[in-house]
Amino acid sequence: MRKGMEHFINNPIYTITAEAMSNGRNNIEVVGKMLEAGIKFIQYREKEKPALERYQECMQLVKMTKEAGAIFIIDDFVDLAMAVNADGVHIGQTDLPPQVVRQLIGEDKILGLSTHEEAQLQKANELGNIIDYIGVGPVYATQTKKDAVPVGFSYVDYASKYAKHPFVAIGGIKEHNICEVASHGAKTFAIVSEIVSADDIVNKIKSIEKTLQNKL
């Protein structure tokens, strides 16, 4: 297990940035609140910003997460992850092949891969130690990827049974439905809009964690 994956396994909430949904707050402020709440696994996902702005922002976020003992993953942009020395990268099905990304980032960085169907999970299983975890979803319709087709619980059930890597359930997961997702075998949950758009991010995260603990 690569260094840092213990935070993925031991902490149920995996947060992702979405500045457009953050009620006017920037990612520095939002991630600061995530870290204050004890979040240990954070993904930076900002596809629309200019490259220089992403770089400058991530340089600050790498410093913040490192000081807090948290893992900082960058979505899609392998070059950005390498430039700021992030802890890893998360890629999708249409990005560079995982084998190529692994060669680029080296053996020490964490690599996550999104999957949306059984065939993709089987291919992920075959990758072995090239990747560290997979994304499973979208479970529900999601505001962050409006063209994504929900896969529902059948795929979460399948991943719970057959995935050879730890997985994070993603897509429309909120406090009111997280326990239902957990009942299908998920142990790690990516939550985006419910957290970044909350008036009080710290208390929202604590509330979600309490809800999860009370129902399991």
# chains A, B, ... in the order shown; residues from 1 in each chain; ligands from 1
$ closest_atom_pairs --of "segment 84-133 of chain A" --to "segment 6-23 of chain A" --cutoff "12 Å" --atoms "only C-alpha atoms" --output "CSV"
residue,atom,partner,partner_atom,distance
A:Asp87,CA,A:His7,CA,11.9
A:His90,CA,A:Ile16,CA,11.1
A:Ile110,CA,A:Phe8,CA,10.5
A:Leu111,CA,A:Phe8,CA,12.0
A:Gly112,CA,A:Phe8,CA,11.0
A:Asp132,CA,A:Phe8,CA,10.0
A:Tyr133,CA,A:Phe8,CA,8.8
$ residues_around --residues "Asn203 of chain A" --least-positions-apart "2" --cutoff "12 Å" --atoms "only C-alpha atoms" --output "number ranges by chain"
A: 33-34, 36-38, 194-196, 198-201, 205-210
$ residues_around --residues "Ile28 of chain A" --least-positions-apart "5" --cutoff "8 Å" --atoms "only C-alpha atoms" --output "list of chain:residue names"
A:Glu57, A:Gln60, A:Leu61
$ select_by_dssp --residues "segment 11-169 of chain A" --states "alpha helix (DSSP H)" --output "compact mmCIF listing (two decimals) with all heavy atoms, in the first residue's frame"
# COMPACT_ATOMS: atom_id res chain seq x y z
N ASN A 27 -11.00 28.46 -3.25
CA ASN A 27 -10.59 27.11 -2.83
C ASN A 27 -9.65 27.12 -1.62
O ASN A 27 -9.65 26.16 -0.85
CB ASN A 27 -9.90 26.39 -3.99
CG ASN A 27 -10.89 25.91 -5.04
OD1 ASN A 27 -12.00 25.47 -4.71
ND2 ASN A 27 -10.52 26.00 -6.31
N ILE A 28 -8.87 28.17 -1.47
CA ILE A 28 -7.97 28.25 -0.32
C ILE A 28 -8.79 28.27 0.97
O ILE A 28 -8.50 27.53 1.92
CB ILE A 28 -7.08 29.52 -0.40
CG1 ILE A 28 -6.31 29.56 -1.74
CG2 ILE A 28 -6.13 29.57 0.78
CD1 ILE A 28 -5.41 28.38 -2.00
N GLU A 29 -9.83 29.08 0.99
CA GLU A 29 -10.69 29.16 2.18
C GLU A 29 -11.43 27.85 2.41
O GLU A 29 -11.51 27.34 3.54
CB GLU A 29 -11.70 30.30 2.02
CG GLU A 29 -12.62 30.49 3.22
CD GLU A 29 -13.63 31.62 3.06
OE1 GLU A 29 -13.55 32.34 2.05
OE2 GLU A 29 -14.49 31.75 3.95
N VAL A 30 -11.98 27.29 1.34
CA VAL A 30 -12.77 26.05 1.46
C VAL A 30 -11.90 24.89 1.93
O VAL A 30 -12.27 24.15 2.84
CB VAL A 30 -13.46 25.73 0.13
CG1 VAL A 30 -14.06 24.32 0.16
CG2 VAL A 30 -14.56 26.75 -0.17
N VAL A 31 -10.75 24.72 1.32
CA VAL A 31 -9.86 23.64 1.73
C VAL A 31 -9.37 23.85 3.17
O VAL A 31 -9.24 22.89 3.94
CB VAL A 31 -8.67 23.49 0.76
CG1 VAL A 31 -7.62 22.51 1.31
CG2 VAL A 31 -9.16 23.00 -0.60
N GLY A 32 -9.15 25.11 3.53
CA GLY A 32 -8.78 25.40 4.93
C GLY A 32 -9.83 24.89 5.90
O GLY A 32 -9.50 24.32 6.96
N LYS A 33 -11.11 25.07 5.55
CA LYS A 33 -12.20 24.58 6.41
C LYS A 33 -12.26 23.05 6.40
O LYS A 33 -12.54 22.43 7.43
CB LYS A 33 -13.53 25.17 5.93
CG LYS A 33 -13.66 26.67 6.14
CD LYS A 33 -13.61 27.03 7.62
CE LYS A 33 -13.81 28.52 7.83
NZ LYS A 33 -13.69 28.87 9.28
N MET A 34 -12.02 22.45 5.25
CA MET A 34 -11.98 20.98 5.18
C MET A 34 -10.91 20.43 6.12
O MET A 34 -11.14 19.47 6.87
CB MET A 34 -11.70 20.52 3.75
CG MET A 34 -12.81 20.78 2.76
SD MET A 34 -12.25 20.38 1.07
CE MET A 34 -13.75 20.70 0.12
N LEU A 35 -9.75 21.04 6.07
CA LEU A 35 -8.64 20.58 6.93
C LEU A 35 -8.96 20.83 8.40
O LEU A 35 -8.65 19.99 9.26
CB LEU A 35 -7.36 21.31 6.53
CG LEU A 35 -6.83 20.98 5.12
CD1 LEU A 35 -5.68 21.91 4.76
CD2 LEU A 35 -6.40 19.52 5.01
N GLU A 36 -9.59 21.95 8.69
CA GLU A 36 -10.00 22.25 10.07
C GLU A 36 -10.95 21.19 10.60
O GLU A 36 -10.91 20.83 11.79
CB GLU A 36 -10.67 23.63 10.12
CG GLU A 36 -11.07 24.09 11.50
CD GLU A 36 -11.79 25.42 11.50
OE1 GLU A 36 -11.61 26.21 10.55
OE2 GLU A 36 -12.56 25.68 12.45
N ALA A 51 -4.23 27.71 -16.60
CA ALA A 51 -3.20 26.85 -16.03
C ALA A 51 -2.37 27.56 -14.96
O ALA A 51 -2.06 26.97 -13.92
CB ALA A 51 -2.28 26.32 -17.13
N LEU A 52 -2.03 28.80 -15.19
CA LEU A 52 -1.22 29.53 -14.22
C LEU A 52 -1.96 29.71 -12.91
O LEU A 52 -1.38 29.56 -11.82
CB LEU A 52 -0.80 30.89 -14.78
CG LEU A 52 0.05 31.76 -13.83
CD1 LEU A 52 1.35 31.04 -13.45
CD2 LEU A 52 0.35 33.12 -14.47
N GLU A 53 -3.26 30.01 -12.99
CA GLU A 53 -4.06 30.17 -11.77
C GLU A 53 -4.15 28.86 -11.00
O GLU A 53 -4.05 28.83 -9.77
CB GLU A 53 -5.46 30.68 -12.13
CG GLU A 53 -6.30 31.06 -10.92
CD GLU A 53 -7.65 31.64 -11.29
OE1 GLU A 53 -7.82 32.07 -12.45
OE2 GLU A 53 -8.54 31.64 -10.42
N ARG A 54 -4.34 27.76 -11.73
CA ARG A 54 -4.37 26.44 -11.07
C ARG A 54 -3.04 26.17 -10.37
O ARG A 54 -3.02 25.67 -9.23
CB ARG A 54 -4.66 25.34 -12.09
CG ARG A 54 -6.10 25.24 -12.53
CD ARG A 54 -6.39 23.91 -13.21
NE ARG A 54 -5.61 23.74 -14.43
CZ ARG A 54 -6.06 23.97 -15.66
NH1 ARG A 54 -7.30 24.38 -15.83
NH2 ARG A 54 -5.29 23.78 -16.70
N TYR A 55 -1.95 26.48 -11.05
CA TYR A 55 -0.62 26.24 -10.49
C TYR A 55 -0.42 27.05 -9.20
O TYR A 55 0.00 26.50 -8.17
CB TYR A 55 0.46 26.60 -11.52
CG TYR A 55 1.86 26.59 -10.95
CD1 TYR A 55 2.54 25.39 -10.74
CD2 TYR A 55 2.50 27.79 -10.62
CE1 TYR A 55 3.82 25.39 -10.20
CE2 TYR A 55 3.77 27.79 -10.09
CZ TYR A 55 4.44 26.59 -9.88
OH TYR A 55 5.69 26.59 -9.35
N GLN A 56 -0.72 28.31 -9.25
CA GLN A 56 -0.52 29.17 -8.09
C GLN A 56 -1.38 28.73 -6.91
O GLN A 56 -0.94 28.73 -5.75
CB GLN A 56 -0.81 30.63 -8.46
CG GLN A 56 0.21 31.20 -9.43
CD GLN A 56 -0.19 32.55 -10.01
OE1 GLN A 56 -1.38 32.89 -10.06
NE2 GLN A 56 0.79 33.32 -10.46
N GLU A 57 -2.61 28.35 -7.21
CA GLU A 57 -3.53 27.89 -6.18
C GLU A 57 -3.04 26.58 -5.56
O GLU A 57 -3.01 26.42 -4.34
CB GLU A 57 -4.91 27.70 -6.81
CG GLU A 57 -6.04 27.60 -5.83
CD GLU A 57 -7.38 27.77 -6.52
OE1 GLU A 57 -7.71 26.96 -7.42
OE2 GLU A 57 -8.11 28.70 -6.17
N CYS A 58 -2.62 25.66 -6.41
CA CYS A 58 -2.18 24.35 -5.91
C CYS A 58 -0.89 24.43 -5.12
O CYS A 58 -0.67 23.63 -4.21
CB CYS A 58 -2.04 23.36 -7.06
SG CYS A 58 -3.64 22.76 -7.67
N MET A 59 -0.02 25.38 -5.45
CA MET A 59 1.18 25.56 -4.65
C MET A 59 0.81 25.89 -3.20
O MET A 59 1.42 25.37 -2.25
CB MET A 59 2.06 26.67 -5.25
CG MET A 59 2.80 26.25 -6.50
SD MET A 59 4.02 24.93 -6.25
CE MET A 59 5.28 25.80 -5.30
N GLN A 60 -0.19 26.72 -3.02
CA GLN A 60 -0.66 27.04 -1.67
C GLN A 60 -1.33 25.83 -1.02
O GLN A 60 -1.11 25.55 0.17
CB GLN A 60 -1.66 28.19 -1.72
CG GLN A 60 -1.09 29.53 -2.09
CD GLN A 60 -2.13 30.63 -1.94
OE1 GLN A 60 -2.61 30.93 -0.84
NE2 GLN A 60 -2.52 31.23 -3.06
N LEU A 61 -2.15 25.13 -1.80
CA LEU A 61 -2.90 24.00 -1.24
C LEU A 61 -1.99 22.84 -0.87
O LEU A 61 -2.23 22.15 0.13
CB LEU A 61 -3.97 23.55 -2.24
CG LEU A 61 -5.09 24.57 -2.49
CD1 LEU A 61 -6.00 24.10 -3.62
CD2 LEU A 61 -5.89 24.82 -1.22
N VAL A 62 -0.93 22.62 -1.64
CA VAL A 62 0.04 21.57 -1.29
C VAL A 62 0.67 21.88 0.07
O VAL A 62 0.81 20.99 0.93
CB VAL A 62 1.13 21.44 -2.38
CG1 VAL A 62 2.34 20.67 -1.85
CG2 VAL A 62 0.56 20.73 -3.60
N LYS A 63 1.04 23.13 0.27
CA LYS A 63 1.64 23.54 1.55
C LYS A 63 0.65 23.35 2.70
O LYS A 63 1.00 22.80 3.75
CB LYS A 63 2.08 25.00 1.46
CG LYS A 63 2.81 25.53 2.69
CD LYS A 63 3.32 26.94 2.44
CE LYS A 63 4.16 27.45 3.61
NZ LYS A 63 3.36 27.67 4.82
N MET A 64 -0.59 23.76 2.49
CA MET A 64 -1.61 23.66 3.53
C MET A 64 -1.89 22.20 3.90
O MET A 64 -1.97 21.85 5.08
CB MET A 64 -2.91 24.31 3.05
CG MET A 64 -2.86 25.82 2.97
SD MET A 64 -4.27 26.52 2.06
CE MET A 64 -5.66 25.93 3.04
N THR A 65 -2.06 21.36 2.89
CA THR A 65 -2.40 19.96 3.15
C THR A 65 -1.22 19.23 3.80
O THR A 65 -1.41 18.40 4.68
CB THR A 65 -2.85 19.24 1.87
OG1 THR A 65 -1.90 19.48 0.83
CG2 THR A 65 -4.21 19.74 1.43
N LYS A 66 -0.02 19.54 3.35
CA LYS A 66 1.16 18.89 3.94
C LYS A 66 1.28 19.23 5.41
O LYS A 66 1.54 18.36 6.25
CB LYS A 66 2.42 19.32 3.18
CG LYS A 66 3.64 18.46 3.44
CD LYS A 66 4.82 18.87 2.59
CE LYS A 66 4.58 18.65 1.11
NZ LYS A 66 4.51 17.21 0.76
N GLU A 67 1.08 20.50 5.74
CA GLU A 67 1.17 20.93 7.14
C GLU A 67 0.10 20.26 8.00
O GLU A 67 0.30 20.04 9.19
CB GLU A 67 1.04 22.46 7.23
CG GLU A 67 2.27 23.20 6.71
CD GLU A 67 2.08 24.71 6.67
OE1 GLU A 67 0.92 25.17 6.89
OE2 GLU A 67 3.07 25.42 6.41
N ALA A 68 -1.04 19.95 7.37
CA ALA A 68 -2.15 19.31 8.11
C ALA A 68 -2.06 17.79 8.10
O ALA A 68 -2.91 17.12 8.69
CB ALA A 68 -3.48 19.76 7.51
N VAL A 78 -1.94 15.77 -14.96
CA VAL A 78 -0.73 15.08 -14.51
C VAL A 78 0.44 16.05 -14.42
O VAL A 78 1.24 16.01 -13.48
CB VAL A 78 -0.38 13.91 -15.47
CG1 VAL A 78 0.88 13.20 -15.03
CG2 VAL A 78 -1.55 12.92 -15.55
N ASP A 79 0.54 16.95 -15.42
CA ASP A 79 1.65 17.92 -15.41
C ASP A 79 1.57 18.84 -14.21
O ASP A 79 2.60 19.15 -13.58
CB ASP A 79 1.65 18.72 -16.72
CG ASP A 79 0.33 19.43 -17.01
OD1 ASP A 79 -0.70 19.08 -16.38
OD2 ASP A 79 0.32 20.32 -17.88
N LEU A 80 0.37 19.26 -13.84
CA LEU A 80 0.19 20.12 -12.68
C LEU A 80 0.57 19.39 -11.40
O LEU A 80 1.25 19.95 -10.53
CB LEU A 80 -1.26 20.61 -12.62
CG LEU A 80 -1.65 21.46 -11.41
CD1 LEU A 80 -0.81 22.73 -11.35
CD2 LEU A 80 -3.14 21.82 -11.47
N ALA A 81 0.15 18.15 -11.29
CA ALA A 81 0.48 17.35 -10.10
C ALA A 81 1.99 17.22 -9.93
O ALA A 81 2.53 17.30 -8.82
CB ALA A 81 -0.17 15.97 -10.19
N MET A 82 2.68 17.01 -11.05
CA MET A 82 4.13 16.88 -11.01
C MET A 82 4.78 18.23 -10.69
O MET A 82 5.74 18.30 -9.92
CB MET A 82 4.64 16.34 -12.34
CG MET A 82 4.17 14.92 -12.62
SD MET A 82 4.50 14.37 -14.33
CE MET A 82 6.30 14.27 -14.31
N ALA A 83 4.24 19.30 -11.26
CA ALA A 83 4.82 20.62 -11.08
C ALA A 83 4.76 21.10 -9.63
O ALA A 83 5.69 21.76 -9.14
CB ALA A 83 4.12 21.63 -11.99
N VAL A 84 3.67 20.77 -8.93
CA VAL A 84 3.50 21.25 -7.54
C VAL A 84 3.85 20.18 -6.52
O VAL A 84 3.74 20.41 -5.32
CB VAL A 84 2.06 21.77 -7.30
CG1 VAL A 84 1.71 22.89 -8.26
CG2 VAL A 84 1.03 20.64 -7.38
N PRO A 98 -3.54 4.62 -17.50
CA PRO A 98 -2.92 4.53 -16.17
C PRO A 98 -1.45 4.11 -16.20
O PRO A 98 -0.64 4.61 -15.42
CB PRO A 98 -3.79 3.47 -15.46
CG PRO A 98 -5.10 3.54 -16.15
CD PRO A 98 -4.81 3.86 -17.58
N GLN A 99 -1.11 3.20 -17.11
CA GLN A 99 0.28 2.75 -17.20
C GLN A 99 1.21 3.91 -17.55
O GLN A 99 2.32 4.01 -17.01
CB GLN A 99 0.42 1.64 -18.26
CG GLN A 99 -0.38 0.39 -17.96
CD GLN A 99 -1.78 0.41 -18.56
OE1 GLN A 99 -2.39 1.48 -18.72
NE2 GLN A 99 -2.30 -0.77 -18.90
N VAL A 100 0.74 4.79 -18.43
CA VAL A 100 1.54 5.95 -18.84
C VAL A 100 1.65 6.95 -17.70
O VAL A 100 2.72 7.50 -17.42
CB VAL A 100 0.94 6.60 -20.10
CG1 VAL A 100 1.68 7.89 -20.44
CG2 VAL A 100 0.95 5.63 -21.27
N VAL A 101 0.52 7.20 -17.02
CA VAL A 101 0.53 8.13 -15.90
C VAL A 101 1.46 7.64 -14.80
O VAL A 101 2.24 8.43 -14.23
CB VAL A 101 -0.90 8.34 -15.35
CG1 VAL A 101 -0.87 9.25 -14.11
CG2 VAL A 101 -1.81 8.94 -16.42
N ARG A 102 1.44 6.35 -14.54
CA ARG A 102 2.34 5.79 -13.52
C ARG A 102 3.80 6.02 -13.90
O ARG A 102 4.63 6.39 -13.04
CB ARG A 102 2.05 4.30 -13.33
CG ARG A 102 3.01 3.57 -12.38
CD ARG A 102 3.07 4.20 -11.00
NE ARG A 102 1.82 4.07 -10.28
CZ ARG A 102 1.50 4.80 -9.20
NH1 ARG A 102 2.34 5.72 -8.76
NH2 ARG A 102 0.36 4.64 -8.59
N GLN A 103 4.14 5.85 -15.14
CA GLN A 103 5.51 6.10 -15.58
C GLN A 103 5.89 7.56 -15.37
O GLN A 103 7.03 7.87 -14.98
CB GLN A 103 5.66 5.74 -17.06
CG GLN A 103 5.64 4.24 -17.34
CD GLN A 103 5.72 3.92 -18.83
OE1 GLN A 103 5.57 4.81 -19.67
NE2 GLN A 103 5.95 2.66 -19.15
N LEU A 104 4.94 8.45 -15.61
CA LEU A 104 5.22 9.88 -15.47
C LEU A 104 5.38 10.31 -14.01
O LEU A 104 6.30 11.07 -13.68
CB LEU A 104 4.10 10.69 -16.13
CG LEU A 104 4.03 10.64 -17.66
CD1 LEU A 104 2.73 11.26 -18.15
CD2 LEU A 104 5.23 11.36 -18.28
N ILE A 105 4.51 9.84 -13.16
CA ILE A 105 4.50 10.33 -11.78
C ILE A 105 5.43 9.55 -10.86
O ILE A 105 5.72 10.00 -9.75
CB ILE A 105 3.07 10.36 -11.19
CG1 ILE A 105 2.50 8.94 -11.06
CG2 ILE A 105 2.16 11.26 -12.01
CD1 ILE A 105 1.13 8.89 -10.39
N GLU A 118 -19.03 -2.36 -15.10
CA GLU A 118 -18.34 -3.58 -14.71
C GLU A 118 -17.09 -3.86 -15.53
O GLU A 118 -16.06 -4.26 -15.00
CB GLU A 118 -19.31 -4.76 -14.79
CG GLU A 118 -20.48 -4.65 -13.81
CD GLU A 118 -21.51 -5.74 -13.96
OE1 GLU A 118 -21.27 -6.67 -14.77
OE2 GLU A 118 -22.56 -5.68 -13.29
N ALA A 119 -17.16 -3.62 -16.83
CA ALA A 119 -16.01 -3.90 -17.70
C ALA A 119 -14.82 -3.02 -17.31
O ALA A 119 -13.67 -3.46 -17.34
CB ALA A 119 -16.38 -3.69 -19.16
N GLN A 120 -15.10 -1.78 -16.95
CA GLN A 120 -14.02 -0.87 -16.55
C GLN A 120 -13.42 -1.31 -15.22
O GLN A 120 -12.20 -1.20 -15.02
CB GLN A 120 -14.56 0.56 -16.44
CG GLN A 120 -14.94 1.14 -17.80
CD GLN A 120 -15.65 2.48 -17.70
OE1 GLN A 120 -15.95 2.98 -16.61
NE2 GLN A 120 -15.94 3.09 -18.85
N LEU A 121 -14.24 -1.82 -14.33
CA LEU A 121 -13.72 -2.31 -13.06
C LEU A 121 -12.83 -3.53 -13.28
O LEU A 121 -11.77 -3.66 -12.64
CB LEU A 121 -14.87 -2.65 -12.10
CG LEU A 121 -14.44 -3.07 -10.70
CD1 LEU A 121 -15.43 -2.54 -9.66
CD2 LEU A 121 -14.33 -4.58 -10.56
N GLN A 122 -13.24 -4.41 -14.17
CA GLN A 122 -12.42 -5.59 -14.45
C GLN A 122 -11.06 -5.19 -15.01
O GLN A 122 -10.02 -5.76 -14.66
CB GLN A 122 -13.14 -6.52 -15.43
CG GLN A 122 -14.36 -7.23 -14.84
CD GLN A 122 -14.01 -8.14 -13.68
OE1 GLN A 122 -12.87 -8.56 -13.51
NE2 GLN A 122 -15.00 -8.46 -12.85
N LYS A 123 -11.04 -4.19 -15.89
CA LYS A 123 -9.77 -3.70 -16.42
C LYS A 123 -8.93 -3.06 -15.31
O LYS A 123 -7.70 -3.20 -15.30
CB LYS A 123 -10.01 -2.69 -17.55
CG LYS A 123 -10.50 -3.33 -18.84
CD LYS A 123 -10.65 -2.30 -19.94
CE LYS A 123 -11.09 -2.96 -21.24
NZ LYS A 123 -11.25 -1.97 -22.33
N ALA A 124 -9.59 -2.37 -14.41
CA ALA A 124 -8.89 -1.77 -13.27
C ALA A 124 -8.27 -2.85 -12.40
O ALA A 124 -7.13 -2.71 -11.93
CB ALA A 124 -9.85 -0.91 -12.45
N ASN A 125 -9.00 -3.93 -12.18
CA ASN A 125 -8.46 -5.05 -11.40
C ASN A 125 -7.17 -5.58 -12.00
O ASN A 125 -6.22 -5.94 -11.29
CB ASN A 125 -9.49 -6.18 -11.31
CG ASN A 125 -10.60 -5.90 -10.31
OD1 ASN A 125 -10.49 -5.00 -9.49
ND2 ASN A 125 -11.66 -6.69 -10.39
N GLU A 126 -7.13 -5.61 -13.33
CA GLU A 126 -5.96 -6.14 -14.03
C GLU A 126 -4.74 -5.23 -13.92
O GLU A 126 -3.61 -5.67 -14.18
CB GLU A 126 -6.30 -6.38 -15.50
CG GLU A 126 -7.33 -7.49 -15.72
CD GLU A 126 -7.87 -7.52 -17.14
OE1 GLU A 126 -7.35 -6.76 -17.99
OE2 GLU A 126 -8.84 -8.27 -17.38
N GLY A 152 -26.37 3.95 -10.31
CA GLY A 152 -27.21 3.34 -9.29
C GLY A 152 -26.46 2.40 -8.38
O GLY A 152 -25.23 2.32 -8.40
N PHE A 153 -27.22 1.64 -7.60
CA PHE A 153 -26.61 0.80 -6.58
C PHE A 153 -26.08 -0.53 -7.11
O PHE A 153 -25.25 -1.17 -6.48
CB PHE A 153 -27.61 0.52 -5.46
CG PHE A 153 -27.97 1.74 -4.67
CD1 PHE A 153 -29.29 2.12 -4.54
CD2 PHE A 153 -26.99 2.52 -4.09
CE1 PHE A 153 -29.63 3.25 -3.81
CE2 PHE A 153 -27.31 3.65 -3.38
CZ PHE A 153 -28.64 4.02 -3.24
N SER A 154 -26.55 -0.94 -8.27
CA SER A 154 -26.10 -2.24 -8.79
C SER A 154 -24.60 -2.26 -9.02
O SER A 154 -23.92 -3.26 -8.75
CB SER A 154 -26.84 -2.61 -10.08
OG SER A 154 -26.59 -1.64 -11.09
N TYR A 155 -24.05 -1.13 -9.47
CA TYR A 155 -22.62 -1.08 -9.71
C TYR A 155 -21.84 -0.97 -8.40
O TYR A 155 -20.75 -1.52 -8.27
CB TYR A 155 -22.26 0.06 -10.66
CG TYR A 155 -20.79 0.08 -11.02
CD1 TYR A 155 -20.14 -1.10 -11.38
CD2 TYR A 155 -20.05 1.25 -10.98
CE1 TYR A 155 -18.78 -1.10 -11.68
CE2 TYR A 155 -18.70 1.25 -11.29
CZ TYR A 155 -18.07 0.06 -11.64
OH TYR A 155 -16.73 0.06 -11.92
N VAL A 156 -22.41 -0.28 -7.41
CA VAL A 156 -21.77 -0.22 -6.09
C VAL A 156 -21.73 -1.63 -5.49
O VAL A 156 -20.71 -2.05 -4.92
CB VAL A 156 -22.51 0.75 -5.15
CG1 VAL A 156 -21.83 0.80 -3.78
CG2 VAL A 156 -22.59 2.15 -5.75
N ASP A 157 -22.83 -2.37 -5.63
CA ASP A 157 -22.87 -3.76 -5.17
C ASP A 157 -21.78 -4.58 -5.86
O ASP A 157 -21.08 -5.37 -5.22
CB ASP A 157 -24.24 -4.40 -5.47
CG ASP A 157 -25.36 -3.81 -4.64
OD1 ASP A 157 -25.08 -3.32 -3.53
OD2 ASP A 157 -26.51 -3.83 -5.11
N TYR A 158 -21.65 -4.38 -7.15
CA TYR A 158 -20.65 -5.14 -7.93
C TYR A 158 -19.24 -4.79 -7.46
O TYR A 158 -18.41 -5.69 -7.26
CB TYR A 158 -20.81 -4.81 -9.41
CG TYR A 158 -19.92 -5.62 -10.31
CD1 TYR A 158 -20.31 -6.89 -10.77
CD2 TYR A 158 -18.68 -5.13 -10.72
CE1 TYR A 158 -19.49 -7.64 -11.60
CE2 TYR A 158 -17.85 -5.88 -11.55
CZ TYR A 158 -18.26 -7.12 -11.98
OH TYR A 158 -17.44 -7.86 -12.80
N ALA A 159 -18.98 -3.51 -7.28
CA ALA A 159 -17.65 -3.08 -6.82
C ALA A 159 -17.35 -3.63 -5.43
O ALA A 159 -16.22 -4.06 -5.16
CB ALA A 159 -17.56 -1.56 -6.82
N SER A 160 -18.35 -3.64 -4.57
CA SER A 160 -18.17 -4.15 -3.21
C SER A 160 -17.74 -5.62 -3.23
O SER A 160 -16.96 -6.06 -2.37
CB SER A 160 -19.46 -4.01 -2.40
OG SER A 160 -19.84 -2.67 -2.29
N LYS A 161 -18.23 -6.33 -4.22
CA LYS A 161 -17.95 -7.76 -4.31
C LYS A 161 -16.67 -8.08 -5.08
O LYS A 161 -15.92 -8.99 -4.71
CB LYS A 161 -19.14 -8.45 -4.98
CG LYS A 161 -19.09 -9.98 -4.94
CD LYS A 161 -20.38 -10.58 -5.44
CE LYS A 161 -20.35 -12.10 -5.34
NZ LYS A 161 -21.63 -12.70 -5.84
N TYR A 162 -16.39 -7.32 -6.13
CA TYR A 162 -15.34 -7.72 -7.06
C TYR A 162 -14.13 -6.78 -7.15
O TYR A 162 -13.10 -7.18 -7.71
CB TYR A 162 -15.91 -7.91 -8.46
CG TYR A 162 -16.91 -9.03 -8.55
CD1 TYR A 162 -18.27 -8.78 -8.72
CD2 TYR A 162 -16.50 -10.36 -8.44
CE1 TYR A 162 -19.19 -9.81 -8.79
CE2 TYR A 162 -17.41 -11.40 -8.51
CZ TYR A 162 -18.76 -11.12 -8.69
OH TYR A 162 -19.67 -12.15 -8.75
$ atom_distance --atom1 "atom CA of Ile73 of chain A" --atom2 "atom CA of Gln213 of chain A"
25.6 Å
$ residues_around --residues "Asp76 of chain A" --least-positions-apart "2" --cutoff "8 Å" --atoms "only C-alpha atoms" --output "PyMOL selection string"
chain A and resi 45+74+78+89-92+95
$ write_last_selection --atoms "all heavy atoms" --output "tab-separated table (two decimals), in the first residue's frame"
chain	number	residue	atom	x	y	z
A	45	ARG	N	-10.21	19.68	-8.16
A	45	ARG	CA	-10.84	19.51	-9.48
A	45	ARG	C	-11.34	20.86	-9.97
A	45	ARG	O	-12.39	21.34	-9.56
A	45	ARG	CB	-11.99	18.50	-9.41
A	45	ARG	CG	-12.57	18.17	-10.79
A	45	ARG	CD	-13.45	16.93	-10.74
A	45	ARG	NE	-14.73	17.18	-10.13
A	45	ARG	CZ	-15.61	16.23	-9.83
A	45	ARG	NH1	-15.31	14.96	-10.07
A	45	ARG	NH2	-16.77	16.52	-9.27
A	74	ILE	N	-4.65	15.69	-7.42
A	74	ILE	CA	-5.10	16.57	-8.49
A	74	ILE	C	-5.82	15.77	-9.56
A	74	ILE	O	-5.33	14.74	-10.02
A	74	ILE	CB	-3.92	17.37	-9.08
A	74	ILE	CG1	-3.42	18.37	-8.03
A	74	ILE	CG2	-4.33	18.08	-10.37
A	74	ILE	CD1	-2.23	19.19	-8.46
A	78	VAL	N	-1.94	15.77	-14.96
A	78	VAL	CA	-0.73	15.08	-14.51
A	78	VAL	C	0.44	16.05	-14.42
A	78	VAL	O	1.24	16.01	-13.48
A	78	VAL	CB	-0.38	13.91	-15.47
A	78	VAL	CG1	0.88	13.20	-15.03
A	78	VAL	CG2	-1.55	12.92	-15.55
A	89	VAL	N	-2.57	11.74	-8.37
A	89	VAL	CA	-3.42	12.16	-9.49
A	89	VAL	C	-4.64	11.27	-9.54
A	89	VAL	O	-4.57	10.07	-9.22
A	89	VAL	CB	-2.66	12.04	-10.83
A	89	VAL	CG1	-3.48	12.63	-11.97
A	89	VAL	CG2	-1.30	12.69	-10.78
A	90	HIS	N	-5.76	11.84	-9.97
A	90	HIS	CA	-6.95	11.04	-10.24
A	90	HIS	C	-7.30	11.23	-11.72
A	90	HIS	O	-7.43	12.36	-12.18
A	90	HIS	CB	-8.14	11.48	-9.37
A	90	HIS	CG	-9.33	10.60	-9.53
A	90	HIS	ND1	-9.59	9.55	-8.68
A	90	HIS	CD2	-10.30	10.57	-10.48
A	90	HIS	CE1	-10.69	8.92	-9.09
A	90	HIS	NE2	-11.13	9.52	-10.19
A	91	ILE	N	-7.45	10.13	-12.44
A	91	ILE	CA	-7.73	10.20	-13.87
A	91	ILE	C	-9.04	9.50	-14.21
A	91	ILE	O	-9.53	8.67	-13.44
A	91	ILE	CB	-6.58	9.60	-14.70
A	91	ILE	CG1	-6.32	8.14	-14.30
A	91	ILE	CG2	-5.31	10.45	-14.56
A	91	ILE	CD1	-5.32	7.41	-15.19
A	92	GLY	N	-9.56	9.85	-15.38
A	92	GLY	CA	-10.80	9.26	-15.87
A	92	GLY	C	-10.54	8.30	-17.01
A	92	GLY	O	-9.40	8.09	-17.43
A	95	ASP	N	-8.71	9.92	-20.10
A	95	ASP	CA	-7.42	10.57	-19.88
A	95	ASP	C	-6.29	9.65	-20.35
A	95	ASP	O	-6.52	8.58	-20.92
A	95	ASP	CB	-7.26	10.92	-18.40
A	95	ASP	CG	-8.26	11.99	-17.96
A	95	ASP	OD1	-8.48	12.93	-18.73
A	95	ASP	OD2	-8.82	11.85	-16.85
$ closest_residue --among "A:Val202, A:Ala163, A:Thr115, A:Lys3" --to "Gly185 of chain A" --atoms "only C-alpha atoms"
A:Ala163
